[in-house]
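What follows is one structure encoded as structure tokens, with my remarks underneath.
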Amino acid sequence: GGFIGSHLAEELLSHGYNVTVFDKLNFSQRNLLNVVDKIRIIEGDFNNIVDIRKSLDDIDYVFHLVSSTLPAGSNENPVYDAESNLISSLRLFRECTDRKIKKIIFLSSGGTVYGIPDSIPITEDHPTKPICSYGIIKKTIEDYLYLFHQLHNLDYNVFRLSNPYGERQNPYAAQGAIAVFLNKILKDEEIVIWGDGEVVRDYIYIKDAANALVTSITTDSPHKLFNLSAGIGYSLNQIIDVIKNVTGKTDVKIRYQEKRSFDVPVSVLDNSLI
């Protein structure tokens, strides 16, 4: 029911699939208002195997988007990160294996699993040296999917997503620079940037990402792991310049603060494989 999941649900419906959305208890269904009467919604706890089992009834394909942490806070409590994301993912994979799920598609993190890159753009065979717990857990889940494929023939795809943006992205969240900056500038509020604003990221439009994810259901490729990105880098300062041009607002308040240790300076993903 979140930003990415709601666009994925819409894209799946447009391709004729029956869609079940699994999300936490009493989650906001605001993002799903356009499709709420066309989907099945199951509320539960990803850490509860009974709820996971209930969510998989009559399911052929599983998209795994759940994450209980964000890159910025994951290093503060890596044990919680492992318990709530890794262990629960393993339970999900076991259940998918037992039920003969046709394919599981996991949304990984192109911005964190590689760590500080040796070269740009980053290809899928680039070394993975994550510098935050979030990236370590994402990479470990990828590795376990490979293991389940080898041991139990569970089919899967991994997509290392770059920075998605688009409609319904939360402008008050701790991530999603484009939505947050747009909101701040429209309201004449101060933008806080960690570092000098020259951090470069690869931004992909959410509907392009959702289309690729849905296409993977019927695509049979020898490759299991893909970068999902635009393949173009923009700095935060460049993003602000674009927003100034679009909104016509030139008097933008920006406060630059000391950079954070877990922020990768440059991340641009090579998307030629996908």
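Chain lettering (A, B, ...) mirrors the order of the structure tokens, residue numbering begins at 1 for each chain separately, and ligand numbering begins at 1 in order of display.
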
**Study point:** Nearby residues (only C-alpha atoms) at most 12 Å from Leu32 of chain A, same-chain spacing under 6 positions excluded, as a ChimeraX atom specification
**Key:** /A:1-10,19-21,23,38-41,168

With all heavy atoms retained, could you export that selection as a short mmCIF file (atom, residue, chain, number, x, y, z; two decimals), in the first residue's frame?
data_model
loop_
_atom_site.label_atom_id
_atom_site.label_comp_id
_atom_site.auth_asym_id
_atom_site.auth_seq_id
_atom_site.Cartn_x
_atom_site.Cartn_y
_atom_site.Cartn_z
N GLY A 1 0.79 -1.22 0.00
CA GLY A 1 0.00 0.00 0.00
C GLY A 1 0.82 1.27 0.00
O GLY A 1 0.29 2.37 0.09
N GLY A 2 2.13 1.13 -0.08
CA GLY A 2 2.99 2.30 -0.08
C GLY A 2 3.15 2.90 -1.46
O GLY A 2 2.42 2.58 -2.41
N PHE A 3 4.13 3.77 -1.59
CA PHE A 3 4.38 4.48 -2.85
C PHE A 3 4.67 3.51 -3.99
O PHE A 3 3.98 3.50 -5.02
CB PHE A 3 5.55 5.45 -2.63
CG PHE A 3 6.17 6.01 -3.87
CD1 PHE A 3 5.40 6.64 -4.83
CD2 PHE A 3 7.55 5.90 -4.08
CE1 PHE A 3 5.98 7.16 -5.98
CE2 PHE A 3 8.13 6.43 -5.21
CZ PHE A 3 7.35 7.05 -6.17
N ILE A 4 5.65 2.64 -3.81
CA ILE A 4 6.02 1.71 -4.87
C ILE A 4 4.94 0.65 -5.06
O ILE A 4 4.52 0.35 -6.18
CB ILE A 4 7.38 1.04 -4.56
CG1 ILE A 4 8.49 2.10 -4.50
CG2 ILE A 4 7.72 -0.02 -5.61
CD1 ILE A 4 9.83 1.56 -4.04
N GLY A 5 4.46 0.09 -3.95
CA GLY A 5 3.48 -0.99 -4.03
C GLY A 5 2.18 -0.60 -4.72
O GLY A 5 1.60 -1.37 -5.47
N SER A 6 1.73 0.63 -4.47
CA SER A 6 0.46 1.05 -5.08
C SER A 6 0.60 1.19 -6.59
O SER A 6 -0.32 0.84 -7.34
CB SER A 6 -0.01 2.37 -4.46
OG SER A 6 0.90 3.43 -4.70
N HIS A 7 1.73 1.69 -7.06
CA HIS A 7 1.96 1.78 -8.51
C HIS A 7 2.10 0.38 -9.11
O HIS A 7 1.63 0.13 -10.23
CB HIS A 7 3.20 2.63 -8.80
CG HIS A 7 2.95 4.10 -8.68
ND1 HIS A 7 2.39 4.86 -9.68
CD2 HIS A 7 3.17 4.95 -7.65
CE1 HIS A 7 2.28 6.11 -9.29
NE2 HIS A 7 2.75 6.20 -8.06
N LEU A 8 2.74 -0.52 -8.39
CA LEU A 8 2.86 -1.90 -8.85
C LEU A 8 1.48 -2.54 -8.96
O LEU A 8 1.19 -3.24 -9.94
CB LEU A 8 3.75 -2.69 -7.89
CG LEU A 8 3.93 -4.17 -8.18
CD1 LEU A 8 4.52 -4.40 -9.56
CD2 LEU A 8 4.82 -4.81 -7.11
N ALA A 9 0.62 -2.32 -7.97
CA ALA A 9 -0.73 -2.89 -8.00
C ALA A 9 -1.50 -2.38 -9.22
O ALA A 9 -2.17 -3.16 -9.93
CB ALA A 9 -1.48 -2.52 -6.72
N GLU A 10 -1.40 -1.08 -9.51
CA GLU A 10 -2.08 -0.51 -10.68
C GLU A 10 -1.56 -1.13 -11.97
O GLU A 10 -2.34 -1.48 -12.88
CB GLU A 10 -1.87 1.00 -10.72
CG GLU A 10 -2.66 1.77 -9.70
CD GLU A 10 -2.44 3.26 -9.79
OE1 GLU A 10 -1.59 3.72 -10.58
OE2 GLU A 10 -3.14 3.98 -9.05
N VAL A 19 -4.92 -9.16 -8.09
CA VAL A 19 -3.92 -8.59 -7.20
C VAL A 19 -4.36 -8.70 -5.74
O VAL A 19 -5.47 -8.33 -5.39
CB VAL A 19 -3.65 -7.11 -7.54
CG1 VAL A 19 -2.65 -6.50 -6.56
CG2 VAL A 19 -3.15 -6.97 -8.97
N THR A 20 -3.44 -9.20 -4.91
CA THR A 20 -3.59 -9.17 -3.46
C THR A 20 -2.51 -8.27 -2.89
O THR A 20 -1.34 -8.42 -3.23
CB THR A 20 -3.45 -10.58 -2.85
OG1 THR A 20 -4.54 -11.38 -3.28
CG2 THR A 20 -3.46 -10.51 -1.32
N VAL A 21 -2.90 -7.33 -2.04
CA VAL A 21 -1.96 -6.45 -1.36
C VAL A 21 -1.87 -6.88 0.10
O VAL A 21 -2.90 -6.97 0.78
CB VAL A 21 -2.39 -4.97 -1.47
CG1 VAL A 21 -1.57 -4.11 -0.52
CG2 VAL A 21 -2.24 -4.48 -2.90
N ASP A 23 -0.27 -5.77 3.71
CA ASP A 23 0.36 -4.65 4.40
C ASP A 23 0.04 -4.75 5.88
O ASP A 23 -0.74 -5.60 6.31
CB ASP A 23 -0.13 -3.31 3.82
CG ASP A 23 0.92 -2.21 3.91
OD1 ASP A 23 1.61 -2.14 4.95
OD2 ASP A 23 1.04 -1.41 2.96
N LYS A 38 -10.87 -3.18 -6.71
CA LYS A 38 -10.45 -4.18 -7.71
C LYS A 38 -9.42 -5.16 -7.17
O LYS A 38 -8.96 -6.04 -7.90
CB LYS A 38 -9.87 -3.46 -8.94
CG LYS A 38 -10.83 -2.49 -9.61
CD LYS A 38 -10.10 -1.67 -10.68
CE LYS A 38 -11.02 -0.59 -11.24
NZ LYS A 38 -10.30 0.34 -12.12
N ILE A 39 -9.03 -5.00 -5.91
CA ILE A 39 -7.96 -5.83 -5.35
C ILE A 39 -8.42 -6.48 -4.05
O ILE A 39 -9.42 -6.06 -3.45
CB ILE A 39 -6.68 -5.00 -5.06
CG1 ILE A 39 -6.98 -3.88 -4.05
CG2 ILE A 39 -6.11 -4.42 -6.35
CD1 ILE A 39 -5.78 -3.05 -3.66
N ARG A 40 -7.69 -7.51 -3.63
CA ARG A 40 -7.89 -8.11 -2.32
C ARG A 40 -6.83 -7.54 -1.38
O ARG A 40 -5.65 -7.48 -1.73
CB ARG A 40 -7.76 -9.63 -2.41
CG ARG A 40 -7.88 -10.34 -1.06
CD ARG A 40 -7.88 -11.85 -1.22
NE ARG A 40 -6.62 -12.37 -1.76
CZ ARG A 40 -6.26 -13.66 -1.70
NH1 ARG A 40 -7.07 -14.55 -1.15
NH2 ARG A 40 -5.11 -14.04 -2.22
N ILE A 41 -7.25 -7.11 -0.19
CA ILE A 41 -6.32 -6.55 0.79
C ILE A 41 -6.27 -7.45 2.01
O ILE A 41 -7.31 -7.84 2.55
CB ILE A 41 -6.75 -5.12 1.19
CG1 ILE A 41 -6.61 -4.16 0.01
CG2 ILE A 41 -5.92 -4.63 2.38
CD1 ILE A 41 -7.09 -2.74 0.29
N ARG A 168 2.27 10.35 -5.65
CA ARG A 168 1.97 9.69 -4.37
C ARG A 168 3.20 9.43 -3.51
O ARG A 168 3.10 8.81 -2.46
CB ARG A 168 1.19 8.38 -4.56
CG ARG A 168 -0.15 8.56 -5.24
CD ARG A 168 -1.06 7.36 -5.04
NE ARG A 168 -0.54 6.16 -5.64
CZ ARG A 168 -0.77 5.79 -6.91
NH1 ARG A 168 -1.48 6.56 -7.70
NH2 ARG A 168 -0.29 4.66 -7.37
#

Review point. Residues at most 9 Å from segment 208-220 of chain A, counting only C-alpha atoms, excluding those fewer than 2 positions away in the same chain, as number ranges by chain?
Key: A: 4-5, 7-12, 15, 61, 63, 103-105, 107, 157, 159, 161, 164, 204-206, 222-223, 228-229, 274

Dump as an mmCIF file, in the first residue's frame, selection limited to N, CA and C atoms:
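Everything below was put into part-v4.cif:
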data_model
loop_
_atom_site.group_PDB
_atom_site.id
_atom_site.type_symbol
_atom_site.label_atom_id
_atom_site.label_comp_id
_atom_site.auth_asym_id
_atom_site.auth_seq_id
_atom_site.Cartn_x
_atom_site.Cartn_y
_atom_site.Cartn_z
ATOM 1 N N ILE A 4 5.650 2.639 -3.807
ATOM 2 C CA ILE A 4 6.024 1.705 -4.875
ATOM 3 C C ILE A 4 4.939 0.650 -5.058
ATOM 4 N N GLY A 5 4.456 0.088 -3.951
ATOM 5 C CA GLY A 5 3.475 -0.994 -4.029
ATOM 6 C C GLY A 5 2.182 -0.596 -4.716
ATOM 7 N N HIS A 7 1.732 1.694 -7.056
ATOM 8 C CA HIS A 7 1.955 1.777 -8.509
ATOM 9 C C HIS A 7 2.101 0.385 -9.110
ATOM 10 N N LEU A 8 2.739 -0.516 -8.385
ATOM 11 C CA LEU A 8 2.861 -1.897 -8.850
ATOM 12 C C LEU A 8 1.483 -2.544 -8.961
ATOM 13 N N ALA A 9 0.621 -2.323 -7.966
ATOM 14 C CA ALA A 9 -0.733 -2.886 -7.999
ATOM 15 C C ALA A 9 -1.499 -2.383 -9.224
ATOM 16 N N GLU A 10 -1.404 -1.085 -9.508
ATOM 17 C CA GLU A 10 -2.076 -0.515 -10.681
ATOM 18 C C GLU A 10 -1.556 -1.130 -11.971
ATOM 19 N N GLU A 11 -0.239 -1.283 -12.059
ATOM 20 C CA GLU A 11 0.371 -1.840 -13.267
ATOM 21 C C GLU A 11 -0.044 -3.299 -13.459
ATOM 22 N N LEU A 12 -0.078 -4.066 -12.378
ATOM 23 C CA LEU A 12 -0.514 -5.466 -12.460
ATOM 24 C C LEU A 12 -1.963 -5.561 -12.942
ATOM 25 N N HIS A 15 -2.414 -5.116 -16.581
ATOM 26 C CA HIS A 15 -2.001 -6.274 -17.371
ATOM 27 C C HIS A 15 -2.930 -7.469 -17.176
ATOM 28 N N TYR A 61 2.419 -15.537 -7.973
ATOM 29 C CA TYR A 61 3.635 -14.726 -8.032
ATOM 30 C C TYR A 61 3.681 -13.785 -6.826
ATOM 31 N N PHE A 63 5.626 -10.452 -5.069
ATOM 32 C CA PHE A 63 6.542 -9.308 -5.086
ATOM 33 C C PHE A 63 6.862 -8.958 -3.641
ATOM 34 N N LYS A 103 7.113 -17.722 -9.036
ATOM 35 C CA LYS A 103 8.271 -16.824 -9.039
ATOM 36 C C LYS A 103 8.120 -15.819 -7.908
ATOM 37 N N ILE A 104 9.245 -15.486 -7.270
ATOM 38 C CA ILE A 104 9.269 -14.401 -6.287
ATOM 39 C C ILE A 104 10.183 -13.307 -6.818
ATOM 40 N N ILE A 105 9.709 -12.074 -6.748
ATOM 41 C CA ILE A 105 10.425 -10.926 -7.301
ATOM 42 C C ILE A 105 10.736 -9.984 -6.144
ATOM 43 N N LEU A 107 12.560 -6.656 -4.436
ATOM 44 C CA LEU A 107 13.039 -5.307 -4.697
ATOM 45 C C LEU A 107 14.201 -5.004 -3.763
ATOM 46 N N ASN A 157 13.528 -13.232 -9.339
ATOM 47 C CA ASN A 157 14.278 -12.114 -9.908
ATOM 48 C C ASN A 157 14.586 -11.120 -8.787
ATOM 49 N N PHE A 159 15.697 -7.071 -8.339
ATOM 50 C CA PHE A 159 15.854 -5.775 -8.991
ATOM 51 C C PHE A 159 16.477 -4.793 -8.005
ATOM 52 N N LEU A 161 16.899 -1.432 -7.307
ATOM 53 C CA LEU A 161 16.220 -0.208 -7.720
ATOM 54 C C LEU A 161 17.048 1.015 -7.351
ATOM 55 N N PRO A 164 13.427 5.953 -6.893
ATOM 56 C CA PRO A 164 12.179 6.185 -7.616
ATOM 57 C C PRO A 164 11.542 7.515 -7.205
ATOM 58 N N ILE A 204 14.647 7.255 -11.099
ATOM 59 C CA ILE A 204 13.806 6.579 -12.088
ATOM 60 C C ILE A 204 12.337 6.875 -11.795
ATOM 61 N N TYR A 205 11.580 7.156 -12.842
ATOM 62 C CA TYR A 205 10.149 7.429 -12.697
ATOM 63 C C TYR A 205 9.433 6.145 -12.275
ATOM 64 N N ILE A 206 8.559 6.251 -11.289
ATOM 65 C CA ILE A 206 7.969 5.075 -10.648
ATOM 66 C C ILE A 206 7.183 4.196 -11.619
ATOM 67 N N PRO A 222 18.189 -15.873 -18.584
ATOM 68 C CA PRO A 222 19.220 -16.560 -17.791
ATOM 69 C C PRO A 222 19.727 -15.695 -16.646
ATOM 70 N N HIS A 223 19.486 -14.389 -16.728
ATOM 71 C CA HIS A 223 19.908 -13.478 -15.659
ATOM 72 C C HIS A 223 18.797 -13.384 -14.616
ATOM 73 N N LEU A 228 17.705 -1.667 -11.854
ATOM 74 C CA LEU A 228 16.488 -1.039 -12.365
ATOM 75 C C LEU A 228 16.641 0.461 -12.138
ATOM 76 N N SER A 229 16.977 1.167 -13.223
ATOM 77 C CA SER A 229 17.404 2.558 -13.062
ATOM 78 C C SER A 229 17.211 3.336 -14.352
ATOM 79 N N ILE A 274 19.102 -4.787 -18.186
ATOM 80 C CA ILE A 274 17.638 -4.868 -18.200
ATOM 81 C C ILE A 274 17.061 -4.374 -19.527
#

Review point. Neighbours of segment 264-266 of chain A within 12 Å (only C-alpha atoms; same-chain residues fewer than 6 positions away dropped), as an MDAnalysis selection string?
Key: chainID A and resid 71:72 110:122 129:132 135 162 194:202 232:236

Review point. From the set A:Ile136, A:Ile254, A:Val158, A:Ile178, which residue has the shortest atom-to-atom contact distance to Val192 of chain A, counting only C-alpha atoms?
Key: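 Closest candidate: A:Ile254.
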
Practice item. Do a neighbour search on Tyr144 of chain A at 12 Å with only C-alpha atoms, toss out local chain neighbours closer than 3 positions, and write the hits as number ranges by chain. Key: A: 86-87, 89-94, 106, 137-141, 147-152, 154, 156, 158

Residue selection dump (C-alpha atoms) as a PDB file, in the first residue's frame:
ATOM      1  CA  LEU A  86      16.077 -11.052   6.996  1.00  0.00           C
ATOM      2  CA  ILE A  87      14.478 -13.674   9.247  1.00  0.00           C
ATOM      3  CA  SER A  89      12.137 -13.022   4.414  1.00  0.00           C
ATOM      4  CA  LEU A  90      13.522 -16.514   5.018  1.00  0.00           C
ATOM      5  CA  ARG A  91      10.157 -17.597   6.428  1.00  0.00           C
ATOM      6  CA  LEU A  92       8.482 -16.149   3.339  1.00  0.00           C
ATOM      7  CA  PHE A  93      10.855 -18.003   0.984  1.00  0.00           C
ATOM      8  CA  ARG A  94      10.286 -21.296   2.802  1.00  0.00           C
ATOM      9  CA  PHE A 106      12.472  -9.040  -4.732  1.00  0.00           C
ATOM     10  CA  ILE A 137      20.396  -7.087   4.701  1.00  0.00           C
ATOM     11  CA  LYS A 138      19.196  -6.442   1.135  1.00  0.00           C
ATOM     12  CA  LYS A 139      22.305  -8.162  -0.259  1.00  0.00           C
ATOM     13  CA  THR A 140      21.909 -11.098   2.146  1.00  0.00           C
ATOM     14  CA  ILE A 141      18.275 -11.567   1.084  1.00  0.00           C
ATOM     15  CA  LEU A 147      20.357 -20.430  -2.365  1.00  0.00           C
ATOM     16  CA  PHE A 148      16.635 -21.285  -2.408  1.00  0.00           C
ATOM     17  CA  HIS A 149      16.816 -21.412  -6.203  1.00  0.00           C
ATOM     18  CA  GLN A 150      19.757 -23.814  -6.061  1.00  0.00           C
ATOM     19  CA  LEU A 151      18.310 -26.026  -3.314  1.00  0.00           C
ATOM     20  CA  HIS A 152      14.587 -25.908  -4.037  1.00  0.00           C
ATOM     21  CA  LEU A 154      12.404 -21.478  -6.413  1.00  0.00           C
ATOM     22  CA  TYR A 156      13.132 -15.515  -8.689  1.00  0.00           C
ATOM     23  CA  VAL A 158      16.128  -9.423  -7.986  1.00  0.00           C
TER      24      VAL A 158
END
